[in-house]
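Have a look at final.cif below; it lists mmCIF, C-alpha atoms and all ligand atoms.
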```cif
data_my_file
#
loop_
_atom_site.label_atom_id
_atom_site.label_comp_id
_atom_site.auth_asym_id
_atom_site.auth_seq_id
_atom_site.Cartn_x
_atom_site.Cartn_y
_atom_site.Cartn_z
CA MET A 1 -48.75 -140.48 3.09
CA ILE A 2 -46.34 -141.50 0.34
CA PRO A 3 -45.19 -138.56 -1.79
CA ALA A 4 -46.35 -138.39 -5.40
CA VAL A 5 -42.71 -138.90 -6.43
CA LEU A 6 -41.64 -142.37 -5.23
CA PRO A 7 -39.32 -141.56 -2.32
CA THR A 8 -36.37 -143.76 -3.31
CA TYR A 9 -33.90 -140.89 -2.94
CA ALA A 10 -32.80 -139.01 0.20
CA ARG A 11 -32.94 -135.67 -1.59
CA TYR A 12 -31.64 -132.33 -0.38
CA ASP A 13 -34.39 -129.74 0.01
CA LEU A 14 -33.03 -127.65 -2.82
CA VAL A 15 -34.59 -126.86 -6.21
CA PHE A 16 -32.55 -125.38 -9.04
CA GLU A 17 -34.07 -123.24 -11.73
CA LYS A 18 -31.12 -122.34 -13.88
CA GLY A 19 -27.64 -123.48 -14.72
CA GLU A 20 -24.83 -121.72 -16.54
CA GLY A 21 -21.35 -123.15 -17.00
CA ALA A 22 -20.09 -124.46 -13.66
CA TYR A 23 -22.83 -122.72 -11.66
CA LEU A 24 -26.37 -123.57 -10.61
CA THR A 25 -28.92 -121.09 -9.28
CA ALA A 26 -31.56 -122.27 -6.82
CA THR A 27 -35.14 -121.02 -6.67
CA ASP A 28 -34.23 -118.92 -3.61
CA GLY A 29 -31.63 -117.11 -5.71
CA ARG A 30 -28.57 -118.76 -4.14
CA ARG A 31 -25.73 -119.64 -6.50
CA TYR A 32 -23.72 -122.86 -6.23
CA LEU A 33 -20.43 -123.95 -7.77
CA ASP A 34 -21.32 -127.35 -9.21
CA PHE A 35 -18.60 -129.94 -8.56
CA ALA A 36 -21.26 -132.69 -8.66
CA SER A 37 -22.13 -132.29 -12.36
CA GLY A 38 -25.32 -134.28 -11.91
CA ILE A 39 -23.05 -137.20 -10.91
CA ALA A 40 -20.37 -136.85 -13.60
CA VAL A 41 -22.92 -136.11 -16.34
CA THR A 42 -22.76 -132.43 -17.30
CA VAL A 43 -19.23 -132.62 -18.72
CA LEU A 44 -19.58 -129.29 -20.51
CA GLY A 45 -21.33 -127.56 -17.63
CA HIS A 46 -24.87 -126.22 -17.80
CA SER A 47 -26.50 -124.58 -20.82
CA HIS A 48 -23.44 -124.97 -23.02
CA PRO A 49 -24.33 -122.87 -26.10
CA HIS A 50 -23.20 -125.55 -28.57
CA LEU A 51 -25.34 -128.23 -26.89
CA VAL A 52 -28.35 -125.92 -26.55
CA ALA A 53 -28.11 -125.01 -30.23
CA ALA A 54 -27.84 -128.68 -31.26
CA LEU A 55 -30.87 -129.64 -29.17
CA ILE A 56 -33.01 -126.76 -30.45
CA GLU A 57 -32.05 -127.38 -34.06
CA GLN A 58 -32.84 -131.10 -33.82
CA GLY A 59 -35.98 -130.39 -31.77
CA GLN A 60 -37.40 -128.33 -34.58
CA LYS A 61 -36.73 -131.06 -37.15
CA LEU A 62 -37.33 -134.54 -35.76
CA TRP A 63 -37.46 -136.19 -32.32
CA HIS A 64 -38.15 -139.87 -32.70
CA VAL A 65 -38.71 -142.49 -35.37
CA SER A 66 -37.68 -145.80 -33.65
CA ASN A 67 -34.97 -148.20 -34.71
CA LEU A 68 -37.14 -149.61 -37.49
CA PHE A 69 -35.35 -147.01 -39.58
CA ARG A 70 -31.80 -145.82 -40.12
CA ILE A 71 -30.93 -142.85 -37.93
CA ALA A 72 -28.34 -140.51 -39.42
CA GLY A 73 -27.19 -139.13 -36.06
CA GLN A 74 -26.59 -142.66 -34.75
CA GLU A 75 -24.44 -143.57 -37.71
CA ARG A 76 -22.44 -140.38 -37.30
CA LEU A 77 -21.94 -140.70 -33.53
CA ALA A 78 -21.07 -144.41 -33.81
CA GLU A 79 -18.52 -143.74 -36.56
CA ARG A 80 -16.91 -140.98 -34.50
CA LEU A 81 -16.72 -143.13 -31.36
CA VAL A 82 -15.30 -146.03 -33.37
CA ALA A 83 -12.71 -143.71 -34.94
CA ASN A 84 -11.58 -142.64 -31.47
CA CYS A 85 -11.32 -145.89 -29.53
CA PHE A 86 -10.79 -149.66 -29.69
CA ALA A 87 -14.36 -150.42 -30.76
CA ASP A 88 -15.73 -151.41 -34.15
CA SER A 89 -19.45 -151.16 -33.39
CA VAL A 90 -21.79 -149.28 -31.03
CA PHE A 91 -25.30 -149.86 -29.66
CA PHE A 92 -27.12 -146.85 -28.22
CA GLY A 93 -29.40 -147.06 -25.20
CA ASN A 94 -30.63 -144.58 -22.62
CA SER A 95 -28.56 -145.17 -19.51
CA GLY A 96 -25.48 -146.71 -17.98
CA ALA A 97 -27.31 -149.71 -16.57
CA GLU A 98 -28.77 -150.51 -19.99
CA ALA A 99 -25.33 -150.26 -21.56
CA MET A 100 -24.01 -152.71 -18.95
CA GLU A 101 -27.00 -155.03 -19.47
CA LEU A 102 -26.05 -155.31 -23.12
CA ALA A 103 -22.40 -155.86 -22.18
CA ILE A 104 -23.52 -158.81 -20.02
CA LYS A 105 -25.77 -160.19 -22.76
CA MET A 106 -23.08 -159.72 -25.39
CA VAL A 107 -20.33 -161.65 -23.57
CA ARG A 108 -22.69 -164.57 -22.95
CA LYS A 109 -23.85 -164.55 -26.55
CA TYR A 110 -20.26 -164.43 -27.79
CA GLN A 111 -19.31 -167.52 -25.81
CA TYR A 112 -22.52 -169.30 -26.80
CA GLU A 113 -22.01 -168.65 -30.51
CA THR A 114 -18.30 -169.46 -30.53
CA GLY A 115 -18.67 -173.02 -29.29
CA HIS A 116 -18.71 -172.40 -25.52
CA PRO A 117 -22.36 -172.43 -24.41
CA GLU A 118 -21.14 -173.51 -20.94
CA LYS A 119 -19.26 -170.23 -20.47
CA HIS A 120 -21.70 -167.81 -18.92
CA ARG A 121 -20.30 -166.67 -15.56
CA ILE A 122 -18.96 -163.16 -15.14
CA ILE A 123 -16.34 -162.07 -12.62
CA ALA A 124 -16.69 -158.59 -11.14
CA CYS A 125 -14.97 -156.67 -8.37
CA ALA A 126 -15.96 -155.83 -4.82
CA GLY A 127 -16.73 -152.14 -4.43
CA SER A 128 -17.96 -151.81 -7.99
CA PHE A 129 -21.17 -150.27 -9.27
CA HIS A 130 -22.79 -151.17 -12.58
CA GLY A 131 -26.38 -149.89 -12.27
CA ARG A 132 -29.71 -150.68 -10.60
CA THR A 133 -31.27 -153.30 -12.88
CA LEU A 134 -31.40 -156.87 -11.59
CA ALA A 135 -28.47 -158.04 -13.72
CA THR A 136 -26.25 -155.04 -13.03
CA LEU A 137 -26.98 -155.27 -9.29
CA ALA A 138 -26.02 -158.95 -9.35
CA ALA A 139 -22.89 -158.03 -11.31
CA ALA A 140 -21.72 -155.56 -8.67
CA GLY A 141 -22.86 -157.83 -5.84
CA ASN A 142 -23.41 -155.01 -3.34
CA GLU A 143 -25.54 -156.54 -0.56
CA LYS A 144 -26.96 -153.16 0.42
CA TYR A 145 -28.60 -152.69 -2.98
CA LEU A 146 -29.61 -156.33 -3.50
CA LYS A 147 -31.35 -156.85 -0.15
CA GLY A 148 -35.03 -157.65 -0.53
CA PHE A 149 -34.96 -157.92 -4.31
CA GLY A 150 -34.03 -161.59 -4.50
CA PRO A 151 -33.67 -164.12 -5.82
CA ASP A 152 -30.46 -162.60 -7.14
CA LEU A 153 -29.67 -163.20 -10.78
CA PRO A 154 -27.17 -166.09 -10.87
CA GLY A 155 -23.91 -166.19 -12.79
CA PHE A 156 -21.63 -163.67 -11.08
CA ASP A 157 -18.46 -164.13 -9.02
CA HIS A 158 -16.70 -161.45 -7.02
CA VAL A 159 -13.08 -160.78 -6.20
CA ALA A 160 -11.14 -157.96 -4.56
CA PHE A 161 -10.49 -154.99 -6.88
CA GLY A 162 -6.85 -154.80 -7.89
CA ASN A 163 -5.85 -158.37 -7.05
CA LEU A 164 -4.77 -160.40 -10.12
CA ASN A 165 -4.07 -163.57 -8.13
CA GLU A 166 -7.61 -163.64 -6.80
CA MET A 167 -8.89 -163.04 -10.31
CA ARG A 168 -6.98 -166.02 -11.68
CA ALA A 169 -8.05 -168.22 -8.79
CA VAL A 170 -11.78 -167.72 -9.35
CA ILE A 171 -11.81 -168.51 -13.10
CA ARG A 172 -13.70 -171.73 -13.93
CA LYS A 173 -14.43 -173.54 -17.17
CA ASP A 174 -17.83 -171.83 -17.26
CA THR A 175 -16.42 -168.29 -16.88
CA ALA A 176 -17.29 -166.00 -19.80
CA ALA A 177 -15.94 -162.58 -18.94
CA ILE A 178 -14.36 -160.11 -16.52
CA VAL A 179 -16.10 -156.80 -15.80
CA VAL A 180 -14.26 -153.89 -14.20
CA GLU A 181 -14.42 -150.11 -13.78
CA PRO A 182 -10.98 -148.65 -14.69
CA VAL A 183 -11.67 -146.13 -11.92
CA GLN A 184 -14.26 -147.29 -9.38
CA GLY A 185 -16.69 -144.40 -8.94
CA GLU A 186 -19.54 -145.03 -6.49
CA GLY A 187 -17.34 -147.38 -4.48
CA GLY A 188 -15.02 -144.52 -3.50
CA ILE A 189 -13.00 -143.19 -6.47
CA ARG A 190 -10.45 -145.98 -6.60
CA PRO A 191 -8.26 -146.07 -9.72
CA ALA A 192 -7.13 -149.50 -10.85
CA PRO A 193 -3.62 -150.10 -9.46
CA GLU A 194 -0.68 -149.84 -11.86
CA GLY A 195 -0.56 -152.91 -14.11
CA TYR A 196 -4.00 -154.21 -13.10
CA LEU A 197 -5.84 -153.57 -16.37
CA ARG A 198 -2.91 -154.98 -18.36
CA GLY A 199 -2.93 -158.05 -16.13
CA LEU A 200 -6.66 -158.50 -16.70
CA ARG A 201 -6.13 -158.27 -20.44
CA GLU A 202 -3.52 -161.04 -20.26
CA ILE A 203 -5.74 -163.24 -18.10
CA ALA A 204 -8.72 -162.71 -20.41
CA ASP A 205 -6.64 -163.67 -23.45
CA GLU A 206 -5.17 -166.71 -21.73
CA TYR A 207 -8.57 -168.14 -20.73
CA ASP A 208 -10.57 -166.92 -23.76
CA LEU A 209 -12.66 -164.57 -21.64
CA LEU A 210 -13.98 -161.25 -22.83
CA LEU A 211 -12.82 -158.16 -20.95
CA VAL A 212 -15.50 -155.55 -20.24
CA PHE A 213 -14.71 -152.06 -18.99
CA ASP A 214 -17.49 -150.05 -17.35
CA GLU A 215 -16.55 -146.47 -18.22
CA VAL A 216 -20.02 -145.09 -17.51
CA GLN A 217 -18.53 -142.71 -14.92
CA CYS A 218 -14.82 -142.45 -15.78
CA GLY A 219 -15.20 -142.18 -19.57
CA MET A 220 -15.97 -139.27 -21.90
CA GLY A 221 -12.93 -137.18 -21.11
CA ARG A 222 -13.21 -137.11 -17.33
CA THR A 223 -9.68 -138.42 -16.74
CA GLY A 224 -8.09 -136.24 -19.40
CA ARG A 225 -8.27 -138.92 -22.08
CA LEU A 226 -11.48 -139.76 -23.94
CA PHE A 227 -11.54 -143.08 -22.05
CA ALA A 228 -9.81 -143.87 -18.76
CA HIS A 229 -8.35 -147.18 -19.95
CA GLU A 230 -6.21 -145.31 -22.49
CA TRP A 231 -3.87 -144.40 -19.60
CA ALA A 232 -3.16 -148.11 -19.08
CA GLY A 233 -2.38 -148.77 -22.74
CA VAL A 234 -4.78 -151.71 -22.96
CA THR A 235 -8.15 -152.12 -24.60
CA PRO A 236 -11.24 -154.10 -23.60
CA ASP A 237 -13.46 -156.21 -25.86
CA VAL A 238 -16.63 -154.48 -24.69
CA MET A 239 -17.19 -151.12 -22.96
CA ALA A 240 -20.21 -149.38 -21.45
CA ILE A 241 -20.43 -145.59 -21.44
CA ALA A 242 -23.23 -143.18 -20.53
CA LYS A 243 -23.08 -140.35 -17.97
CA GLY A 244 -21.00 -137.76 -19.85
CA LEU A 245 -21.97 -138.95 -23.32
CA GLY A 246 -25.04 -136.71 -23.60
CA GLY A 247 -23.78 -133.92 -21.36
CA GLY A 248 -27.11 -134.10 -19.49
CA PHE A 249 -29.30 -135.64 -22.19
CA PRO A 250 -30.06 -139.28 -21.25
CA VAL A 251 -28.03 -141.56 -23.48
CA GLY A 252 -25.78 -144.58 -23.03
CA ALA A 253 -23.85 -146.86 -25.32
CA CYS A 254 -22.25 -150.27 -25.44
CA LEU A 255 -19.15 -150.41 -27.63
CA ALA A 256 -17.42 -153.57 -28.79
CA THR A 257 -14.83 -155.05 -31.09
CA GLU A 258 -16.06 -156.81 -34.21
CA ARG A 259 -15.12 -160.17 -32.68
CA ALA A 260 -17.20 -159.63 -29.52
CA ALA A 261 -20.09 -157.97 -31.34
CA ALA A 262 -20.36 -160.36 -34.27
CA PRO A 263 -23.07 -162.59 -32.73
CA MET A 264 -25.35 -159.59 -32.06
CA VAL A 265 -27.28 -159.92 -35.31
CA ALA A 266 -30.72 -158.49 -36.15
CA GLY A 267 -33.27 -159.38 -33.49
CA THR A 268 -30.80 -160.13 -30.65
CA HIS A 269 -31.22 -156.82 -28.82
CA GLY A 270 -33.21 -153.62 -29.03
CA SER A 271 -34.50 -150.42 -27.44
CA THR A 272 -37.46 -148.25 -28.38
CA PHE A 273 -35.87 -144.95 -27.40
CA GLY A 274 -32.20 -145.88 -27.73
CA GLY A 275 -30.24 -143.56 -30.00
CA ASN A 276 -33.15 -141.37 -31.00
CA PRO A 277 -32.41 -138.25 -33.07
CA LEU A 278 -32.54 -135.87 -30.08
CA ALA A 279 -30.05 -137.90 -28.04
CA MET A 280 -27.78 -138.35 -31.03
CA ALA A 281 -27.75 -134.64 -31.91
CA VAL A 282 -26.65 -133.80 -28.37
CA GLY A 283 -24.14 -136.68 -28.20
CA ASN A 284 -22.55 -135.51 -31.43
CA ALA A 285 -22.41 -131.96 -30.10
CA VAL A 286 -20.68 -133.18 -26.91
CA LEU A 287 -18.08 -134.95 -29.05
CA ASP A 288 -17.56 -131.79 -31.16
CA VAL A 289 -16.29 -130.06 -28.03
CA VAL A 290 -14.54 -132.92 -26.23
CA LEU A 291 -12.62 -134.00 -29.35
CA ALA A 292 -11.68 -130.44 -30.35
CA ASP A 293 -7.93 -129.72 -30.37
CA GLY A 294 -6.60 -129.01 -26.92
CA PHE A 295 -9.76 -129.79 -24.92
CA LEU A 296 -8.53 -132.97 -23.23
CA GLY A 297 -5.10 -131.42 -22.68
CA ASP A 298 -6.83 -128.58 -20.81
CA VAL A 299 -8.72 -131.13 -18.69
CA GLU A 300 -5.44 -132.80 -17.78
CA ARG A 301 -3.86 -129.44 -16.91
CA ILE A 302 -6.68 -128.15 -14.70
CA ALA A 303 -7.03 -131.56 -13.07
CA ALA A 304 -3.37 -131.48 -12.04
CA ILE A 305 -3.89 -128.04 -10.49
CA LEU A 306 -7.02 -129.13 -8.60
CA ARG A 307 -5.26 -132.24 -7.35
CA ARG A 308 -2.22 -130.29 -6.18
CA ARG A 309 -4.42 -127.84 -4.29
CA LEU A 310 -6.42 -130.66 -2.70
CA THR A 311 -3.23 -132.45 -1.70
CA ALA A 312 -2.07 -129.27 0.03
CA LEU A 313 -5.41 -129.05 1.81
CA VAL A 314 -5.06 -132.61 3.09
CA ALA A 315 -1.57 -131.78 4.38
CA GLU A 316 -2.91 -128.67 6.12
CA TYR A 317 -5.93 -130.36 7.75
CA PRO A 318 -4.94 -133.97 8.54
CA ALA A 319 -7.66 -134.14 11.19
CA VAL A 320 -10.35 -133.50 8.56
CA PHE A 321 -9.10 -135.00 5.27
CA ALA A 322 -7.24 -138.30 4.96
CA GLU A 323 -6.20 -138.39 1.28
CA VAL A 324 -6.87 -137.36 -2.31
CA ARG A 325 -7.28 -140.05 -4.92
CA GLY A 326 -8.71 -140.58 -8.37
CA ALA A 327 -7.79 -139.57 -11.89
CA GLY A 328 -8.25 -136.36 -13.85
CA LEU A 329 -11.42 -134.58 -12.79
CA LEU A 330 -12.79 -137.68 -11.09
CA LEU A 331 -11.34 -136.98 -7.67
CA GLY A 332 -12.10 -138.31 -4.23
CA LEU A 333 -11.32 -136.58 -0.95
CA ARG A 334 -11.45 -139.23 1.76
CA GLY A 335 -12.61 -137.81 5.04
CA VAL A 336 -11.29 -138.34 8.53
CA VAL A 337 -14.53 -136.73 9.64
CA THR A 338 -17.75 -138.05 8.07
CA ASN A 339 -17.98 -137.40 4.32
CA THR A 340 -21.65 -136.37 4.43
CA GLU A 341 -20.81 -133.80 7.10
CA ILE A 342 -18.15 -132.30 4.80
CA ILE A 343 -20.61 -132.35 1.89
CA ASP A 344 -23.35 -130.62 3.92
CA ARG A 345 -21.00 -127.88 5.12
CA ALA A 346 -19.58 -127.36 1.63
CA ARG A 347 -23.10 -127.06 0.23
CA ALA A 348 -23.99 -124.50 2.91
CA LYS A 349 -20.99 -122.50 1.64
CA GLY A 350 -22.06 -122.82 -1.99
CA LEU A 351 -20.14 -125.85 -3.29
CA LEU A 352 -21.89 -129.01 -4.51
CA THR A 353 -20.11 -132.37 -4.18
CA VAL A 354 -21.24 -136.01 -4.03
CA ALA A 355 -20.69 -138.78 -1.48
CA ALA A 356 -19.05 -142.06 -2.47
CA GLY A 357 -18.19 -145.27 -0.62
CA ASP A 358 -15.28 -145.49 1.84
CA ASN A 359 -16.14 -142.10 3.40
CA VAL A 360 -15.16 -140.23 0.23
CA VAL A 361 -16.32 -136.84 -1.03
CA ARG A 362 -16.44 -136.97 -4.83
CA LEU A 363 -15.29 -133.91 -6.76
CA MET A 364 -16.48 -134.15 -10.35
CA PRO A 365 -16.56 -130.64 -11.79
CA PRO A 366 -17.57 -130.01 -15.38
CA LEU A 367 -14.56 -130.44 -17.67
CA ILE A 368 -14.72 -126.76 -18.67
CA ILE A 369 -13.57 -125.33 -15.32
CA ASP A 370 -10.65 -122.93 -15.06
CA GLU A 371 -8.39 -121.83 -12.22
CA THR A 372 -10.93 -119.37 -10.79
CA HIS A 373 -13.30 -122.30 -10.16
CA VAL A 374 -10.51 -124.28 -8.52
CA ASP A 375 -9.68 -121.28 -6.28
CA GLU A 376 -13.32 -120.94 -5.29
CA ALA A 377 -13.76 -124.65 -4.51
CA ILE A 378 -10.53 -124.80 -2.49
CA GLY A 379 -11.63 -121.67 -0.62
CA VAL A 380 -14.89 -123.36 0.36
CA LEU A 381 -13.18 -126.60 1.40
CA ASP A 382 -10.63 -124.64 3.42
CA GLY A 383 -13.51 -122.93 5.23
CA VAL A 384 -15.18 -126.30 5.82
CA ALA A 385 -11.94 -127.73 7.25
CA ARG A 386 -11.59 -124.73 9.60
CA SER A 387 -15.18 -125.17 10.75
CA PHE A 388 -14.25 -128.65 12.02
CA ALA A 389 -11.14 -127.37 13.77
CA GLY A 390 -12.89 -124.46 15.47
C1 LIG B 401 -23.79 -144.50 -12.86
C2 LIG B 401 -23.12 -145.75 -13.23
C3 LIG B 401 -23.83 -146.81 -13.82
C4 LIG B 401 -25.33 -146.79 -14.02
O1 LIG B 401 -25.72 -145.76 -14.88
P1 LIG B 401 -27.28 -145.32 -14.92
O2 LIG B 401 -27.33 -144.34 -16.03
O3 LIG B 401 -27.59 -144.72 -13.58
O4 LIG B 401 -28.07 -146.53 -15.18
C5 LIG B 401 -23.13 -147.93 -14.22
N1 LIG B 401 -21.80 -148.02 -14.03
C6 LIG B 401 -21.08 -147.03 -13.46
C7 LIG B 401 -19.61 -147.18 -13.30
C8 LIG B 401 -21.73 -145.88 -13.02
O5 LIG B 401 -21.03 -144.90 -12.42
#
```
As structure tokens, please, write out the structure in this file.
Amino acid sequence: MIPAVLPTYARYDLVFEKGEGAYLTATDGRRYLDFASGIAVTVLGHSHPHLVAALIEQGQKLWHVSNLFRIAGQERLAERLVANCFADSVFFGNSGAEAMELAIKMVRKYQYETGHPEKHRIIACAGSFHGRTLATLAAAGNEKYLKGFGPDLPGFDHVAFGNLNEMRAVIRKDTAAIVVEPVQGEGGIRPAPEGYLRGLREIADEYDLLLVFDEVQCGMGRTGRLFAHEWAGVTPDVMAIAKGLGGGFPVGACLATERAAAPMVAGTHGSTFGGNPLAMAVGNAVLDVVLADGFLGDVERIAAILRRRLTALVAEYPAVFAEVRGAGLLLGLRGVVTNTEIIDRARAKGLLTVAAGDNVVRLMPPLIIDETHVDEAIGVLDGVARSFAG
């Protein structure tokens, strides 16, 4: 008999009842160090007092009014995001896929309204992930996720991630935009190679394409900068964010320059729930912490320590771990042995991690961890590595 909850996930038989900081407590009383962060979502850990206070305060005042009215929290969060990145305007939705859907709509609309109705195709990279809606699945082009849901949405081309020559070669007169994750997440924690994002910016400018960055996973401080593309010193025209934005409250956003966003006038897009007062109160509270003096510097510092310790672990157990890769606190430990086997053994020892493509174990701790958490995680992974040896 089918379970009451549609069984689309292969879930672990584990129920949590409480979270505090970097730790989760299961219903059987066991405590886990959470380096999964609900898949890069709980950037400030669990039950962060500032987020809890913001949610309770807003919850007692006003939850939802719809976008028929101005929403003060939206205006504030949008202004703060705009003040801290390339964008001039922000649309709030509820998830990463929705943010990417708008990015796709926006680049087509831009070309349509600027005299190029023929330009509608979007180039994306192999190994990418952009969400589970029909358009975002077609954008990523992952056969595994598309199978059985056809016909696939047309209008997407795919090239190898990191290869500028291939990117140039696939551009046609009906190409509208390039979409890329500055650090590929689900595909296996692959950072864009040096010079790649800059090269994409140049190509986009040369062919009058819009450049879209999907920072749903790598954004919101995870790499030690508010947005991962800052490391490359280039900016996109459009960017999708979500996961960390609400610290666990569902919220996503599509950010754009004035040029790219200009055609999105009243009536061109909408969302019933998007940017409601609850989501905006929490999003603003997340920004209070992430933008506070020193916070991102601390992320960079602890990330360097974690990476150094993981690199040492790889050197010590070359028969178990192949390499460390990633950026900031979005790290991937590629296995020699099967990644899910590492993940299961780590979980049994009290450490939560997440699988990614290319046999990678994703380590995405909350951004608030300190060296004691790093010690504990390395201790667990060391024990896991020994368990394979012995
Ligand atoms: C998770 C993710 C998405 C989809 O976000 P949802 O909130 O699950 O819809 C899109 N792009 C990237 C890079 C992601 O990691």
Original post:
So which residues touch segment 95-102 of chain A within 8 Å, counting only C-alpha atoms, skipping near sequence neighbours fewer than 3 positions away, as a list in words?
Top reply: Phe92, Lys105, Met106, His130, Gly131, Arg132, Thr133, Ala135, Thr136, Asp214, Val216, Ala240, Ile241, Ala242, Lys243, Pro250, Val251, Gly252, Ala253, Cys254 and His269 of chain A
**OP:** Kindly indicate which residue among A:Val107, A:Val320, A:Cys218, A:Leu14 lies nearest to ligand LIG 401 (chain B), using all atoms listed in the file for the distances.
**Re:** A:Cys218
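Atom CA of Asp34 of chain A lies 12.8 Å from atom CA of Leu329 of chain A.
Remark: for Glu75 of chain A, the closest of the candidate residues A:Gly219, A:Gly275, A:Gly115, A:Pro3 is A:Gly275 (distances computed over all atoms listed in the file).
Atom CA of Phe91 of chain A is found 11.8 Å from atom CA of Thr257 of chain A.
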Original post:
A:Phe69, A:Phe35, A:Phe249, A:Tyr9: which is nearest Asn284 of chain A, counting all atoms listed in the file?
Top reply: A:Phe249
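Proximity to Leu331 of chain A was assessed for A:Val265, A:Ile189, A:Ile368, A:Leu81 counting all atoms listed in the file; the smallest distance is recorded for A:Ile189.
Distance annotation: of A:Val65, A:Leu44, A:Val212, A:Leu306, the residue with the minimal separation from Ile122 of chain A is A:Val212; atom set is only C-alpha atoms.
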**OP:** For atom CA of Glu194 of chain A and atom CA of Glu181 of chain A, determine how far apart the two atoms are, in Å to one decimal place.
**Re:** 13.9 Å
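Proximity ranking of A:Val90, A:Leu200, A:Ala139, A:Val337 relative to Leu164 of chain A places A:Leu200 first, based on all atoms listed in the file.
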I'd like the neighbourhood of His46 of chain A as an mmCIF file with C-alpha atoms, keeping the file's coordinate frame, where a residue qualifies if any of its atoms comes within 6 Å (using all atoms listed in the file), though same-chain residues fewer than 3 positions away should be ignored.
```cif
data_model
loop_
_atom_site.group_PDB
_atom_site.id
_atom_site.type_symbol
_atom_site.label_atom_id
_atom_site.label_comp_id
_atom_site.auth_asym_id
_atom_site.auth_seq_id
_atom_site.Cartn_x
_atom_site.Cartn_y
_atom_site.Cartn_z
ATOM 1 C CA GLY A 19 -27.640 -123.480 -14.720
ATOM 2 C CA GLU A 20 -24.830 -121.720 -16.540
ATOM 3 C CA GLY A 21 -21.350 -123.150 -17.000
#
```
**OP:** Counting all atoms listed in the file, note down every residue that has an atom within 12 Å of the point (-33.4, -128.5, -33.0) (file coordinates), as a ChimeraX atom specification.
**Re:** /A:50-63,277-282,285
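Residues in contact with segment 338-349 of chain A at up to 6 Å, not including ones fewer than 2 positions away on its chain and judged by all atoms listed in the file, are Gly335, Leu351, Leu352, Asn359, Val360 and Val361 of chain A.
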